[in-house]
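Okay, protein.txt now, which holds compact mmCIF, C-alpha atoms:
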```txt
# COMPACT_ATOMS: atom_id res chain seq x y z
CA MET A 753 0.00 0.00 0.00
CA GLN A 754 2.84 2.33 0.93
CA LYS A 755 4.33 1.83 -2.50
CA PHE A 756 1.24 3.22 -4.20
CA GLU A 757 0.70 6.13 -1.84
CA PRO A 758 2.31 8.82 -4.04
CA PHE A 759 0.30 7.65 -7.02
CA LEU A 760 -2.90 7.77 -4.99
CA ILE A 761 -2.16 11.31 -3.77
CA TRP A 762 -1.20 12.54 -7.22
CA GLY A 763 -4.14 10.77 -8.81
CA GLY A 764 -6.50 12.30 -6.26
CA CYS A 765 -5.09 15.78 -6.93
CA ILE A 766 -5.39 15.36 -10.70
CA VAL A 767 -8.97 14.09 -10.48
CA PHE A 768 -9.85 16.98 -8.14
CA TYR A 769 -8.43 19.57 -10.54
CA LEU A 770 -10.07 17.89 -13.53
CA VAL A 771 -13.48 17.96 -11.85
CA ILE A 772 -13.06 21.66 -10.99
CA PHE A 773 -11.90 22.36 -14.56
CA VAL A 774 -14.91 20.61 -16.10
CA ILE A 775 -17.37 22.38 -13.76
CA TRP A 776 -15.67 25.71 -14.58
CA ILE A 777 -16.04 25.15 -18.35
CA LEU A 778 -19.65 23.99 -18.01
CA LEU A 779 -20.52 27.09 -15.98
CA ALA A 780 -19.02 29.30 -18.69
CA VAL A 781 -20.90 27.49 -21.45
CA TRP A 782 -24.19 27.78 -19.55
CA VAL A 783 -23.63 31.52 -19.03
CA TYR A 784 -22.84 31.90 -22.75
CA LYS A 785 -26.10 30.22 -23.76
CA ASP A 786 -28.15 32.08 -21.19
CA ALA A 787 -26.68 35.46 -22.13
CA LYS A 788 -27.34 34.77 -25.80
CA LYS A 789 -30.97 33.93 -25.03
CA ARG A 790 -31.40 37.19 -23.13
CA GLY A 791 -29.73 39.41 -25.70
CA GLU A 792 -26.64 40.21 -23.62
CA ASN A 793 -23.08 40.30 -24.94
CA ALA A 794 -22.53 36.54 -24.74
CA VAL A 795 -18.85 36.37 -25.72
CA LEU A 796 -17.83 38.95 -23.13
CA TRP A 797 -19.78 37.18 -20.37
CA LEU A 798 -18.13 33.92 -21.43
CA LEU A 799 -14.73 35.60 -21.05
CA VAL A 800 -15.59 37.01 -17.61
CA VAL A 801 -16.88 33.68 -16.27
CA LEU A 802 -13.93 31.77 -17.74
CA LEU A 803 -11.61 34.20 -15.96
CA THR A 804 -13.26 34.50 -12.56
CA GLY A 805 -15.28 31.29 -12.21
CA ILE A 806 -17.83 31.32 -9.44
CA ILE A 807 -17.51 35.07 -8.72
CA GLY A 808 -18.25 35.94 -12.34
CA LEU A 809 -21.27 33.63 -12.22
CA ILE A 810 -22.60 35.39 -9.11
CA ILE A 811 -22.18 38.81 -10.77
CA TYR A 812 -23.94 37.53 -13.88
CA LEU A 813 -26.85 36.10 -11.91
CA LEU A 814 -27.23 39.42 -10.08
CA VAL A 815 -27.26 41.68 -13.13
CA ARG A 816 -28.82 39.60 -15.90
CA PRO A 817 -32.01 41.07 -17.38
CA LYS A 818 -35.32 39.35 -16.93
CA GLU A 819 -36.21 36.78 -19.54
CA LYS A 820 -38.33 38.15 -22.33
CA ALA A 821 -41.87 36.73 -22.42
CA PRO A 822 -42.50 34.49 -25.42
CA PRO A 823 -44.23 36.29 -28.30
CA PRO A 824 -48.06 36.08 -28.17
CA PRO A 825 -49.63 33.48 -30.45
CA PRO A 826 -50.89 34.86 -33.76
CA PRO A 827 -54.59 35.69 -33.76
CA PRO A 828 -56.78 33.08 -35.38
CA ALA A 829 -57.78 33.98 -38.90
CA MET B 447 2.60 26.67 -7.13
CA ASP B 448 5.37 25.42 -9.42
CA ILE B 449 2.91 24.61 -12.17
CA PHE B 450 1.64 28.21 -12.12
CA TYR B 451 5.19 29.58 -12.41
CA LEU B 452 5.89 27.20 -15.29
CA LEU B 453 2.68 28.03 -17.15
CA ASN B 454 3.19 31.79 -16.80
CA SER B 455 6.91 31.86 -17.57
CA PRO B 456 6.49 32.53 -21.33
CA PHE B 457 4.53 35.71 -20.65
CA CYS B 458 6.42 37.48 -17.86
CA HIS B 459 9.91 37.88 -16.35
CA GLN B 460 8.62 36.88 -12.86
CA MET B 461 11.42 38.74 -11.01
CA SER B 462 11.09 38.39 -7.23
CA SER B 463 11.91 42.03 -6.52
CA ARG B 464 9.09 43.20 -8.79
CA SER B 465 6.35 40.84 -7.60
CA PHE B 466 3.83 40.70 -4.81
CA PHE B 467 4.05 37.95 -2.23
CA ILE B 468 1.02 36.27 -0.64
CA ALA B 469 1.51 33.86 2.27
CA GLY B 470 5.24 33.69 1.51
CA PHE B 471 4.70 32.65 -2.11
CA LYS B 472 5.53 34.83 -5.09
CA MET B 473 2.58 35.55 -7.34
CA PRO B 474 2.89 33.90 -10.76
CA LEU B 475 3.13 37.22 -12.63
CA CYS B 476 5.06 40.39 -11.79
CA ALA B 477 3.30 43.37 -10.21
CA ARG B 478 2.76 45.20 -13.48
CA CYS B 479 1.42 42.18 -15.37
CA THR B 480 -0.87 41.30 -12.46
CA ALA B 481 -2.21 44.85 -12.51
CA ILE B 482 -2.76 44.78 -16.28
CA HIS B 483 -4.73 41.53 -16.06
CA ILE B 484 -6.87 42.84 -13.20
CA GLY B 485 -7.46 46.04 -15.19
CA LEU B 486 -8.62 44.04 -18.22
CA LEU B 487 -11.19 42.19 -16.12
CA LEU B 488 -12.41 45.43 -14.53
CA GLY B 489 -12.69 46.97 -18.00
CA TYR B 490 -14.95 44.12 -19.15
CA LEU B 491 -17.07 44.35 -16.02
CA PHE B 492 -17.47 48.14 -16.23
CA HIS B 493 -18.41 47.85 -19.88
CA LEU B 494 -20.97 45.12 -19.20
CA LEU B 495 -22.47 46.71 -16.08
CA PHE B 496 -22.50 50.44 -16.79
CA MET B 497 -21.35 51.53 -20.23
CA ARG B 498 -23.02 49.04 -22.53
CA LYS B 499 -26.52 50.38 -22.88
CA GLU B 500 -25.82 54.09 -23.13
CA ASN B 501 -22.61 54.67 -25.02
CA GLN B 502 -22.38 53.74 -28.64
CA CYS B 503 -19.01 55.32 -29.23
CA ILE B 504 -15.60 55.20 -27.67
CA CYS B 505 -13.31 58.10 -26.78
CA LEU B 506 -9.82 57.63 -28.11
CA LEU B 507 -8.04 60.43 -26.28
CA SER B 508 -8.70 59.23 -22.74
CA LEU B 509 -7.74 55.68 -23.66
CA ILE B 510 -4.40 56.96 -24.95
CA LEU B 511 -3.99 59.08 -21.82
CA PHE B 512 -4.56 55.99 -19.66
CA ASN B 513 -1.43 54.41 -21.13
CA VAL B 514 0.84 57.42 -20.60
CA PRO B 515 1.64 56.79 -16.89
CA LEU B 516 2.71 53.21 -17.60
CA ALA B 517 4.87 54.34 -20.48
CA ILE B 518 6.57 57.05 -18.41
CA ASP B 519 7.10 54.63 -15.52
CA GLY B 520 8.51 51.92 -17.77
CA ILE B 521 10.74 54.15 -19.88
CA THR B 522 12.31 56.08 -17.00
CA GLN B 523 13.06 52.78 -15.30
CA LEU B 524 14.44 51.25 -18.47
CA TYR B 525 16.94 54.06 -18.88
CA GLY B 526 17.93 53.86 -15.23
CA LEU B 527 16.69 57.31 -14.27
CA ARG B 528 14.79 56.00 -11.26
CA GLU B 529 13.52 52.78 -9.72
CA SER B 530 9.80 52.22 -9.59
CA THR B 531 7.93 50.68 -6.67
CA ASN B 532 5.36 47.91 -6.72
CA GLU B 533 2.55 50.33 -5.76
CA ILE B 534 3.29 52.57 -8.74
CA ARG B 535 3.49 49.53 -11.02
CA LEU B 536 0.12 48.37 -9.69
CA LEU B 537 -1.61 51.72 -10.22
CA THR B 538 -0.19 52.46 -13.68
CA GLY B 539 -0.70 48.87 -14.86
CA THR B 540 -4.34 48.86 -13.81
CA LEU B 541 -4.98 52.05 -15.74
CA SER B 542 -3.39 50.62 -18.88
CA GLY B 543 -5.21 47.28 -18.56
CA LEU B 544 -8.49 49.11 -18.03
CA SER B 545 -8.11 51.00 -21.29
CA PHE B 546 -7.38 47.77 -23.20
CA GLY B 547 -10.27 46.02 -21.45
CA LEU B 548 -12.71 48.76 -22.49
CA VAL B 549 -11.46 48.65 -26.09
CA ILE B 550 -11.60 44.82 -26.33
CA ALA B 551 -15.08 44.77 -24.77
CA TYR B 552 -16.25 47.39 -27.23
CA VAL B 553 -14.72 45.62 -30.24
CA ILE B 554 -16.26 42.26 -29.27
CA GLU B 555 -19.59 43.99 -28.79
CA ALA B 556 -19.37 45.52 -32.26
CA PHE B 557 -18.46 42.19 -33.87
CA ASN B 558 -21.38 40.38 -32.28
CA ASN B 559 -23.98 43.00 -33.04
CA GLU B 560 -24.52 43.78 -36.70
CA HIS B 561 -26.63 46.83 -35.96
CA LYS B 562 -23.79 48.57 -34.19
CA ASP B 563 -20.84 50.22 -35.89
CA LEU B 564 -17.54 51.04 -34.33
CA LYS B 565 -17.60 54.76 -33.67
CA LEU B 566 -14.36 56.37 -32.62
CA GLU B 567 -14.30 59.88 -31.29
CA LEU B 568 -11.11 61.71 -30.47
CA PHE B 569 -12.56 64.11 -27.95
CA ASN B 570 -15.84 63.81 -26.08
CA THR B 571 -16.21 65.53 -22.71
CA THR B 572 -19.04 63.46 -21.24
CA LEU B 573 -17.37 60.19 -22.22
CA MET B 574 -14.05 61.36 -20.82
CA LYS B 575 -15.69 62.30 -17.53
CA ARG B 576 -17.33 58.88 -17.33
CA GLN B 577 -14.08 57.11 -18.16
CA ALA B 578 -12.29 59.11 -15.48
CA HIS B 579 -14.83 57.90 -12.91
CA VAL B 580 -14.37 54.33 -14.12
CA ALA B 581 -10.59 54.74 -13.88
CA ILE B 582 -10.66 56.01 -10.31
CA SER B 583 -12.99 53.26 -9.12
CA SER B 584 -10.99 50.57 -10.87
CA GLU B 585 -7.77 51.84 -9.26
CA ILE B 586 -9.37 51.56 -5.84
CA LEU B 587 -10.74 48.09 -6.65
CA ALA B 588 -7.41 46.79 -7.96
CA TYR B 589 -5.58 48.13 -4.90
CA LEU B 590 -8.13 46.39 -2.67
CA ILE B 591 -7.92 43.10 -4.61
CA ILE B 592 -4.14 42.95 -4.25
CA TYR B 593 -3.79 44.23 -0.69
CA VAL B 594 -6.60 42.07 0.70
CA GLY B 595 -4.51 39.13 -0.50
CA VAL B 596 -1.19 40.50 0.70
CA LEU B 597 -2.48 41.42 4.16
CA SER B 598 -4.70 38.38 4.71
CA ASN B 599 -1.91 35.94 3.76
CA SER B 600 -4.53 33.45 2.68
CA LEU B 601 -3.35 30.45 0.69
CA LEU B 602 -6.78 29.94 -0.85
CA TYR B 603 -6.79 33.52 -2.13
CA LEU B 604 -3.34 32.97 -3.62
CA ILE B 605 -4.45 29.83 -5.47
CA TYR B 606 -7.60 31.53 -6.76
CA ILE B 607 -5.75 34.60 -8.02
CA SER B 608 -2.99 32.44 -9.53
CA LEU B 609 -5.60 30.42 -11.38
CA TYR B 610 -7.18 33.65 -12.60
CA LEU B 611 -3.84 35.08 -13.75
CA THR B 612 -2.87 31.87 -15.55
CA ILE B 613 -6.16 31.63 -17.44
CA SER B 614 -6.05 35.36 -18.15
CA SER B 615 -2.53 35.32 -19.54
CA PHE B 616 -3.33 32.41 -21.85
CA LEU B 617 -6.59 33.99 -22.99
CA HIS B 618 -5.25 37.47 -23.55
CA ASN B 619 -1.92 36.49 -25.08
CA ILE B 620 -3.17 33.76 -27.41
CA ILE B 621 -6.92 33.30 -27.79
CA VAL B 622 -8.30 36.86 -27.72
CA PRO B 623 -5.86 38.20 -30.37
CA ILE B 624 -6.66 35.23 -32.65
CA TYR B 625 -10.40 35.76 -32.10
CA ILE B 626 -10.19 39.46 -32.90
CA MET B 627 -8.06 38.84 -36.00
CA VAL B 628 -10.47 36.18 -37.32
CA ALA B 629 -13.43 38.46 -36.64
CA MET B 630 -11.72 41.36 -38.42
CA ILE B 631 -10.96 39.21 -41.47
CA LYS B 632 -14.62 38.14 -41.55
CA CYS B 633 -15.69 41.79 -41.32
CA ILE B 634 -13.41 42.81 -44.17
CA LYS B 635 -14.68 39.98 -46.40
CA THR B 636 -18.36 40.86 -46.00
```
Just give me the structure of the file as structure tokens.
Amino acid sequence: MQKFEPFLIWGGCIVFYLVIFVIWILLAVWVYKDAKKRGENAVLWLLVVLLTGIIGLIIYLLVRPKEKAPPPPPPPA
Amino acid sequence: MDIFYLLNSPFCHQMSSRSFFIAGFKMPLCARCTAIHIGLLLGYLFHLLFMRKENQCICLLSLILFNVPLAIDGITQLYGLRESTNEIRLLTGTLSGLSFGLVIAYVIEAFNNEHKDLKLELFNTTLMKRQAHVAISSEILAYLIIYVGVLSNSLLYLIYISLYLTISSFLHNIIVPIYIMVAMIKCIKT
């Protein structure tokens, strides 16, 4: 067991960082899609969330505009 | 921390005497580069939060003026006239990064919105006044961001800001220039 200890520690670290990395990217992609839907500047929000991670997400959730209501159905002819 | 130093070594000299230390560890970029990257982020945020809806044009003169302190600081130090301090590097770097951040944010906005044209104005008093306010607040924010870390000596803060600086240096040295060049070529073609 002692022989494998360094591998276990390193493996644990790498898995931990990979999980954080994947969550980080997914957050940024979600913000990109959401900003595009709401007519914000999606690329810039993607940049901000990629850079700052969870803090950028909090700022985005605080300032994002309300979702536009879906357009009313066309009147029956 | 070694991996952060390694990843950032292509972009910065990383001299110990010109860097901030948090919890006994050197930050992965020098004081001036750190300040420029923080300024870029603040430029994006100010553009997104306050300047996006109202201003359709950008004032060239104040953005040039923002870069003058950094140039004076760098050139006088380069020729050995005086030695700068980390505080001066922080303040001048933030101002320069802020101007680039505002320009990049504006250019990306113009590329993604076909109804908007890039409008450059050399001199516009209201815009200059607004940009001066943005500059002062971003200076205060950048000073707080750095000195909260330096005084708190928190290892978590160091790792977070190192992660930010690493991602930022890769994005702004490689990906953002390529993106802007591709977008410009597309614009010229159409």
**Exercise: residues within 6 Å of coordinate (-33.6, 33.9, -19.6), counting only C-alpha atoms, as number ranges by chain** = A: 786, 790, 819
**Asked** Contacts of stretch 772-781 of chain A at 9 Å or less, counting only C-alpha atoms, minus same-chain residues fewer than 6 places along, as a list in words?
**Response** Trp797, Leu798, Leu799, Val800, Val801, Leu802, Gly805, Ile806 and Leu809 of chain A
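With atom CA of B:Phe546 on one side and atom CA of A:Gly791 on the other, the separation reads 24.0 Å.
With the cut-off set to 8 Å and only C-alpha atoms counted, chain B residues close to chain A are Leu487, Tyr490, Leu491, Leu494, Leu495, Ala551, Ile554, Glu555, Asn558, Tyr610, Ile613 and Ser614 of chain B.
The spacing separating atom CA of A:Lys789 from atom CA of B:Ala556 amounts to 17.9 Å.
Distance-wise, atom CA of B:Leu544 and atom CA of B:Leu587 end up 11.6 Å apart.
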Just the residues within 8 Å of B:Asn532, please, counting only C-alpha atoms, with nothing from its chain fewer than 5 positions along; format it as a PDB file with C-alpha atoms, keeping the file's coordinate frame.
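Output saved as out-v6.pdb:
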```
ATOM      1  CA  ARG B 464       9.090  43.200  -8.790  1.00  0.00           C
ATOM      2  CA  SER B 465       6.350  40.840  -7.600  1.00  0.00           C
ATOM      3  CA  PHE B 466       3.830  40.700  -4.810  1.00  0.00           C
ATOM      4  CA  ALA B 477       3.300  43.370 -10.210  1.00  0.00           C
ATOM      5  CA  ARG B 478       2.760  45.200 -13.480  1.00  0.00           C
TER       6      ARG B 478
END
```
**Message:** For B:Leu601, find every residue with an atom within 12 Å (counting all atoms listed in the file), except residues of its own chain fewer than 2 positions away, and show them as a list in words.
**Reply:** Met447, Phe467, Ile468, Ala469, Gly470, Phe471, Lys472, Met473, Gly595, Val596, Leu597, Ser598, Asn599, Tyr603, Leu604, Ile605, Tyr606, Ile607 and Ser608 of chain B
**Among the residues B:His459, B:Leu536, B:Gly489, B:Ile521, the one that comes closest to B:Leu590 [using all atoms listed in the file]** = B:Leu536
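Between A:Ala787 and the residues A:Val771, A:Ile807, A:Leu813, A:Ile761, the shortest atom-to-atom distance, using only C-alpha atoms, involves A:Leu813.
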